[in-house]
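These notes are about the structure you will find just below.
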Amino acid sequence: MKNKNILLLSVILIIAVVGVVLYFILRLPPQELFPQIFAQLPEKPKLIAEFNHGATLDSDAIPFEGFTLTDATPIYSVAFSPIDASLIASVNANGSIKLWNINNTKEPVKILRHPGVYPIIRFSPTGELLASAGYGKLVFWDVASGTKLNSLEAAGGDFALSPNGQLATTPDDVKLWDIRNPKEIKEVATLPFDEEHKIRSWACAVAISTDGKLIAAGYANGYVNVWNLQTKQHVKTLKTPFIEMRYLKFSTNRKYLVSGGNEWKHSGPRGYVMWELLSWQRHGEVQRGHIENLAFSPDGKICASANHQSYSGRGVELWTVKSGAPITVLPTARDVSFSQDGKRIASGNDDGIVQLWELTSQQLALASIPTDMVRLIYVPSEDEEPPPDITVKLDKSIREAQDFYADEMERHGFGRKTFTFETDENGKAKIYHGKYNQTNIDLSNDIWLIIGGDESQIFPSDPTSLYIDHYDTFSYTRNDGYSTKNNVWREKIKGIIKATHVQASVKFLDRKSVAYALRSAFSVPGIHTEPEPNALKRLFSRVNDKMPWGKRWAKLSRCEAEWLDKSRYFNPNQPFFDKAPKMEMRVSVPKDNGLRHFIFDVADEDGMHHAQLFVIQRWKLKFHNCQALNGKQEATIAFEITDAKIKTVKLRMIDMHGNIAARDFQIQEKTDEK
């Protein structure tokens, strides 16, 4: 027996020695650590010049009592010369016009004076003339000398200039003038109204196509008339949801006509409607909050909107004309203009400053690059070097998170649908390298997953550098939308998602953590059950979650998966155009047990996919329930709520193109004073 034991131990020892020898002989060579390549972060447009227009007031320029120096400060209109790339014109609220050379920010080239307030200015297509209009008068100026050439009375509204020497003026009737000799302006015609559609109203916007073939006029009752400029024959009548049309523009490539203003019902958010020429089919419609004016790039691929109200938009927004996808954002302004090469933008703000911006090659390329993807940034702590394998880890983690969503969508019957992330030329995850407290980076599009170092403060002290709010918000109050007594409704509408920033840590780069971090970016409500009250069961649940099979906390509910089925991040390259949905609410009389039915009448021309209701409990927003809408354009949906203390609810909907809209409804009991 003893000899057998010795023999067994000898055999084991020999096997062990042979195993160790074979390990060292056959082991793979150490894996070579390839140098990590980080992508360069996109930069914001570069501010290359600022011109202080000032707020000088002349006593003879004040046409009414009460006009103050403060009123004169805002820049109301800016324009690039179409022939001189170095020349910009600006006008402020009191009619002070200044021409600037972009290489001299101190002194203007010329100073002119429009005899009225709140004017707009435009260069003629040849660049030889500058026209200013406002407060009932239109004036022509010689650009070279700065002298006044002529003026028209009662033509101080919107106006348009054609390349063949014609002028179209408003308000009231649309009149045509021959200005080939600006010292002897001749009236040519008054364009007729379309009596068939009974759109008799005053004209408030006018535009002429860049080839001089079409002219369009927008009226205060929401209609747009289009004529052939040569024959004066009526071509088309278009209906919009707008009143007091703020702008009407033909795209520079002669493919589109765009109109914008106040939405007809409730005087709601300003947006735009765009039509294709000459089919006159709607190309797109977007309610983006307040839009004061709009400009096309010379190639017609990019559009820029100006918004000077910070509470209802994000300033100057650039987006692609083809899909409406966002490109970048500039500070607030009342007007915006493109240079002739399309690489620079001039904007004028409420502080009397004209700013000149230069777009980057990345922003210009976004006019044709797919959107709606996840992009990754690694932001280490201060003085921390990136780990040698961080790009490999991030690539592995994002793919595992992608698989998680595919698994969950498949489990709920939606196929292996999942999000996309940005890759490099080798098909690996494209990783950007950010620095702590870094500024001048442009994160205004898509989803940016920001991975911080062990101790890093991911969002720096400057909120504009690594954080941008991803909602445009427009708020308004209504007191007439609900007829049942003792209630007043206040509603808020939120616009389309632009960019979302979520964070994770290098300590937690596993499948569940990254997938969970992306939930908010995908607007998933995060539906969780209430905590288990039993301490023993709660402990067992925590231990179970640590096991390989314990993924329950990260799983998607049926409601969440159904929402993601139409998410634009799970269906990339959807158009960003969005017809504004309608949401109205009624509440039933409470029953003895406090049960109330919250009934919503909803409609969306894009087709409604899914609706979710949230309630406010103890100052926290809590998911309540959801309903599928299956592409309907109109529907009535109801939710039961038994808690009588709930006074505020939020209805959120996603349409068939992935556009999200939400409104808050607040119930307030009326008092005797109301």
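Chains: A, B, ... in order of the structure tokens. Residues: from 1 per chain. Ligands: from 1, in order shown.
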Closest contacts (region 276-346 of chain A/region 350-367 of chain A, max 10 Å, only C-alpha atoms) as a Markdown table:
```
| residue | atom | partner | partner_atom | distance |
| --- | --- | --- | --- | --- |
| A:Lys301 | CA | A:Ala367 | CA | 6.4 |
| A:Ile302 | CA | A:Ala367 | CA | 6.6 |
| A:Cys303 | CA | A:Ala367 | CA | 9.7 |
| A:His308 | CA | A:Asp350 | CA | 7.2 |
| A:Gln309 | CA | A:Asp350 | CA | 9.6 |
| A:Leu318 | CA | A:Gln363 | CA | 9.2 |
| A:Trp319 | CA | A:Ala367 | CA | 7.5 |
| A:Thr320 | CA | A:Ala367 | CA | 5.1 |
| A:Val321 | CA | A:Ala367 | CA | 7.9 |
| A:Lys322 | CA | A:Ala367 | CA | 8.1 |
| A:Ser323 | CA | A:Ala367 | CA | 8.9 |
| A:Gly324 | CA | A:Ala367 | CA | 9.5 |
| A:Ala325 | CA | A:Ala367 | CA | 8.2 |
| A:Pro326 | CA | A:Leu366 | CA | 8.5 |
| A:Ile327 | CA | A:Leu366 | CA | 6.2 |
| A:Thr328 | CA | A:Gln363 | CA | 7.1 |
| A:Leu330 | CA | A:Trp357 | CA | 8.7 |
| A:Pro331 | CA | A:Gln355 | CA | 9.6 |
| A:Thr332 | CA | A:Asp350 | CA | 8.2 |
| A:Ala333 | CA | A:Asp350 | CA | 6.8 |
| A:Arg334 | CA | A:Asp350 | CA | 7.4 |
| A:Asp335 | CA | A:Val354 | CA | 9.9 |
| A:Val336 | CA | A:Gln355 | CA | 9.7 |
| A:Ser337 | CA | A:Leu356 | CA | 9.7 |
| A:Phe338 | CA | A:Trp357 | CA | 9.7 |
| A:Ser339 | CA | A:Glu358 | CA | 9.8 |
| A:Gly342 | CA | A:Leu359 | CA | 8.5 |
| A:Lys343 | CA | A:Leu359 | CA | 5.4 |
| A:Arg344 | CA | A:Glu358 | CA | 4.5 |
| A:Ile345 | CA | A:Trp357 | CA | 5.1 |
| A:Ala346 | CA | A:Leu356 | CA | 4.6 |
```
With only C-alpha atoms as the counted atoms, please give the residues lying no more than 7 Å from region 122-139 of chain A, apart from itself and same-chain residues fewer than 4 positions off, as a PDB file with C-alpha atoms, in the first residue's frame.
```pdb
ATOM      1  CA  ALA A  79     -26.216  90.619 -43.919  1.00  0.00           C
ATOM      2  CA  SER A  81     -22.311  91.214 -49.037  1.00  0.00           C
ATOM      3  CA  PRO A  82     -22.911  88.775 -51.925  1.00  0.00           C
ATOM      4  CA  ILE A  83     -19.812  89.992 -53.787  1.00  0.00           C
ATOM      5  CA  HIS A 114     -32.707 104.465 -41.491  1.00  0.00           C
ATOM      6  CA  GLY A 116     -37.457 104.454 -38.378  1.00  0.00           C
ATOM      7  CA  VAL A 117     -37.121 101.736 -35.762  1.00  0.00           C
ATOM      8  CA  TYR A 118     -36.878  97.920 -35.894  1.00  0.00           C
ATOM      9  CA  VAL A 143     -22.858 100.698 -50.862  1.00  0.00           C
ATOM     10  CA  ASN A 150     -34.197 106.842 -53.009  1.00  0.00           C
ATOM     11  CA  SER A 151     -36.991 105.793 -50.681  1.00  0.00           C
ATOM     12  CA  LEU A 152     -40.532 104.400 -50.795  1.00  0.00           C
ATOM     13  CA  GLU A 153     -43.289 105.383 -48.391  1.00  0.00           C
ATOM     14  CA  ALA A 154     -45.690 102.819 -46.927  1.00  0.00           C
ATOM     15  CA  ALA A 155     -43.342  99.974 -47.833  1.00  0.00           C
ATOM     16  CA  GLY A 156     -41.677  99.333 -44.497  1.00  0.00           C
ATOM     17  CA  GLY A 157     -42.567  95.671 -44.055  1.00  0.00           C
ATOM     18  CA  LEU A 161     -35.007  91.719 -54.284  1.00  0.00           C
ATOM     19  CA  PRO A 163     -31.565  89.261 -59.637  1.00  0.00           C
TER      20      PRO A 163
END
```
Problem - DSSP helix (DSSP H, G or I) selection over region 320-411 of chain A, as a PyMOL selection string - result: chain A and resi 361-365+390-411
Practice task
Might you pull out every residue within 8 Å of Gly222 (chain A), with only C-alpha atoms counted and same-chain residues fewer than 2 positions away left off, and present them as a list in words?
Solution key: Gly218, Tyr219, Ala220, Val224, Lys239, Thr240, Pro241, Phe242, Ile243, Glu244, Met245 and Trp264 of chain A
Taking all heavy atoms for each residue, export the selection above as a CSV table (one decimal), in the first residue's frame.
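Writing done, so here's out06.csv:
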```csv
chain,number,residue,atom,x,y,z
A,218,GLY,N,-46.5,85.5,-47.9
A,218,GLY,CA,-47.2,84.9,-46.7
A,218,GLY,C,-48.1,85.9,-46.1
A,218,GLY,O,-47.8,87.0,-45.9
A,219,TYR,N,-49.3,85.4,-45.7
A,219,TYR,CA,-50.3,86.3,-45.2
A,219,TYR,C,-50.6,86.0,-43.7
A,219,TYR,O,-50.3,84.9,-43.2
A,219,TYR,CB,-51.6,86.1,-46.0
A,219,TYR,CG,-51.4,86.6,-47.4
A,219,TYR,CD1,-50.9,85.7,-48.4
A,219,TYR,CD2,-51.6,87.9,-47.8
A,219,TYR,CE1,-50.7,86.1,-49.7
A,219,TYR,CE2,-51.4,88.3,-49.1
A,219,TYR,CZ,-51.0,87.4,-50.1
A,219,TYR,OH,-50.7,87.8,-51.3
A,220,ALA,N,-51.3,86.9,-43.0
A,220,ALA,CA,-51.5,86.8,-41.6
A,220,ALA,C,-52.6,85.8,-41.3
A,220,ALA,O,-52.7,85.5,-40.1
A,220,ALA,CB,-52.0,88.2,-41.1
A,224,VAL,N,-50.0,80.9,-48.0
A,224,VAL,CA,-48.9,81.4,-48.8
A,224,VAL,C,-49.3,81.3,-50.2
A,224,VAL,O,-49.8,80.3,-50.7
A,224,VAL,CB,-47.6,80.5,-48.6
A,224,VAL,CG1,-46.5,80.9,-49.6
A,224,VAL,CG2,-47.1,80.6,-47.2
A,239,LYS,N,-51.2,76.1,-47.4
A,239,LYS,CA,-51.8,76.4,-46.1
A,239,LYS,C,-50.7,76.0,-45.0
A,239,LYS,O,-50.1,75.0,-45.1
A,239,LYS,CB,-53.0,75.6,-45.9
A,239,LYS,CG,-53.7,75.8,-44.5
A,239,LYS,CD,-54.3,77.2,-44.5
A,239,LYS,CE,-55.1,77.4,-43.2
A,239,LYS,NZ,-54.3,77.6,-42.0
A,240,THR,N,-50.6,77.0,-44.1
A,240,THR,CA,-49.6,76.7,-43.0
A,240,THR,C,-50.4,76.9,-41.7
A,240,THR,O,-51.5,77.4,-41.6
A,240,THR,CB,-48.5,77.8,-43.0
A,240,THR,OG1,-49.0,79.0,-42.4
A,240,THR,CG2,-48.0,78.0,-44.4
A,241,PRO,N,-49.8,76.4,-40.5
A,241,PRO,CA,-50.4,76.6,-39.2
A,241,PRO,C,-50.1,78.0,-38.6
A,241,PRO,O,-50.3,78.2,-37.4
A,241,PRO,CB,-49.8,75.5,-38.4
A,241,PRO,CG,-48.5,75.3,-39.0
A,241,PRO,CD,-48.6,75.6,-40.4
A,242,PHE,N,-49.5,78.9,-39.4
A,242,PHE,CA,-48.9,80.1,-38.8
A,242,PHE,C,-49.8,81.3,-39.0
A,242,PHE,O,-50.5,81.4,-39.9
A,242,PHE,CB,-47.5,80.4,-39.4
A,242,PHE,CG,-46.6,79.3,-39.3
A,242,PHE,CD1,-46.0,78.7,-40.4
A,242,PHE,CD2,-46.2,78.8,-38.1
A,242,PHE,CE1,-45.1,77.7,-40.3
A,242,PHE,CE2,-45.3,77.7,-38.0
A,242,PHE,CZ,-44.8,77.2,-39.1
A,243,ILE,N,-49.7,82.2,-38.0
A,243,ILE,CA,-50.2,83.6,-38.2
A,243,ILE,C,-49.0,84.5,-38.0
A,243,ILE,O,-48.0,84.1,-37.5
A,243,ILE,CB,-51.3,83.9,-37.1
A,243,ILE,CG1,-50.7,83.7,-35.7
A,243,ILE,CG2,-52.5,83.1,-37.3
A,243,ILE,CD1,-51.6,84.2,-34.6
A,244,GLU,N,-49.2,85.8,-38.5
A,244,GLU,CA,-48.1,86.7,-38.4
A,244,GLU,C,-46.8,86.1,-38.9
A,244,GLU,O,-45.8,85.9,-38.1
A,244,GLU,CB,-47.9,87.3,-37.0
A,244,GLU,CG,-49.1,88.2,-36.6
A,244,GLU,CD,-48.7,88.9,-35.3
A,244,GLU,OE1,-47.7,89.6,-35.2
A,244,GLU,OE2,-49.5,88.8,-34.4
A,245,MET,N,-46.8,85.6,-40.1
A,245,MET,CA,-45.6,84.9,-40.7
A,245,MET,C,-44.4,85.8,-40.5
A,245,MET,O,-44.3,86.9,-40.9
A,245,MET,CB,-45.9,84.6,-42.1
A,245,MET,CG,-45.4,83.2,-42.6
A,245,MET,SD,-46.2,82.8,-44.1
A,245,MET,CE,-47.8,82.4,-43.6
A,264,TRP,N,-50.8,78.9,-35.2
A,264,TRP,CA,-52.1,79.5,-35.2
A,264,TRP,C,-52.8,79.3,-33.9
A,264,TRP,O,-53.3,80.3,-33.2
A,264,TRP,CB,-53.0,78.9,-36.3
A,264,TRP,CG,-54.3,79.5,-36.4
A,264,TRP,CD1,-55.5,79.1,-35.8
A,264,TRP,CD2,-54.7,80.6,-37.3
A,264,TRP,NE1,-56.5,79.9,-36.1
A,264,TRP,CE2,-56.1,80.8,-37.1
A,264,TRP,CE3,-54.0,81.4,-38.1
A,264,TRP,CZ2,-56.8,81.8,-37.7
A,264,TRP,CZ3,-54.7,82.4,-38.8
A,264,TRP,CH2,-56.1,82.6,-38.6
```
Handout entry: CA of Lys428 (chain A) to CA of Arg375 (chain A), straight-line distance in Å
Key = 12.0 Å
Problem - Those of region 87-244 of chain A in DSSP strand (DSSP E or B), formatted as a PyMOL selection string - result: chain A and resi 87-92+96-101+110-113+120-123+129-134+137-142+148-153+159-161+166-169+172+175-178+186-190+203-208+214-219+223-228+234-239+242-244
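Residues in contact with Phe51 (chain A) at up to 12 Å, not including ones fewer than 6 positions away on its chain and judged by only C-alpha atoms, are Ile75, Val78, Ile88, Ala89, Ser90, Val91, Lys98, Leu99, Trp100, Asn101, Ile102, Asn103, Asn104, Thr105, Lys106, Glu107, Pro108, Val109, Ala346, Ser347, Gly348, Asn349, Asp351, Gly352, Ile353, Val354, Gln355, Leu356 and Trp357 of chain A.
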Fill in the blank from the handout: What separates CA of Pro388 (chain A) and CA of Lys430 (chain A) is a distance of 15.9 Å
Practice task
Measuring atom to atom with only C-alpha atoms, identify which of A:Pro119, A:Gly658, A:Pro590, A:Gly607 is nearest to Trp563 (chain A).
Solution key: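 The shortest atom-to-atom distance to Trp563 (chain A) comes from A:Gly658.
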Exercise for the section: Fewer than 3 positions away in the same chain doesn't count, so skip those; otherwise give me all residues within 7 Å of Ile641 (chain A), counting only C-alpha atoms, as number ranges by chain. Expected result: A: 595-597
Report as CSV the residues of region 384-450 of chain A within 9 Å of region 510-522 of chain A, each with its shortest atom pair and distance in Å (one decimal), using only C-alpha atoms, ordered by chain and increasing residue number.
```
residue,atom,partner,partner_atom,distance
A:Lys396,CA,A:Asp510,CA,8.7
A:Ser397,CA,A:Asp510,CA,5.9
A:Ile398,CA,A:Val514,CA,7.0
A:Arg399,CA,A:Arg511,CA,8.4
A:Glu400,CA,A:Arg511,CA,5.1
A:Ala401,CA,A:Ala515,CA,4.7
A:Gln402,CA,A:Ala515,CA,7.6
A:Asp403,CA,A:Arg511,CA,8.5
A:Phe404,CA,A:Ala515,CA,7.0
A:Tyr405,CA,A:Ala515,CA,7.5
A:Ile447,CA,A:Ala521,CA,6.6
A:Trp448,CA,A:Ala521,CA,8.7
A:Leu449,CA,A:Leu518,CA,7.7
```
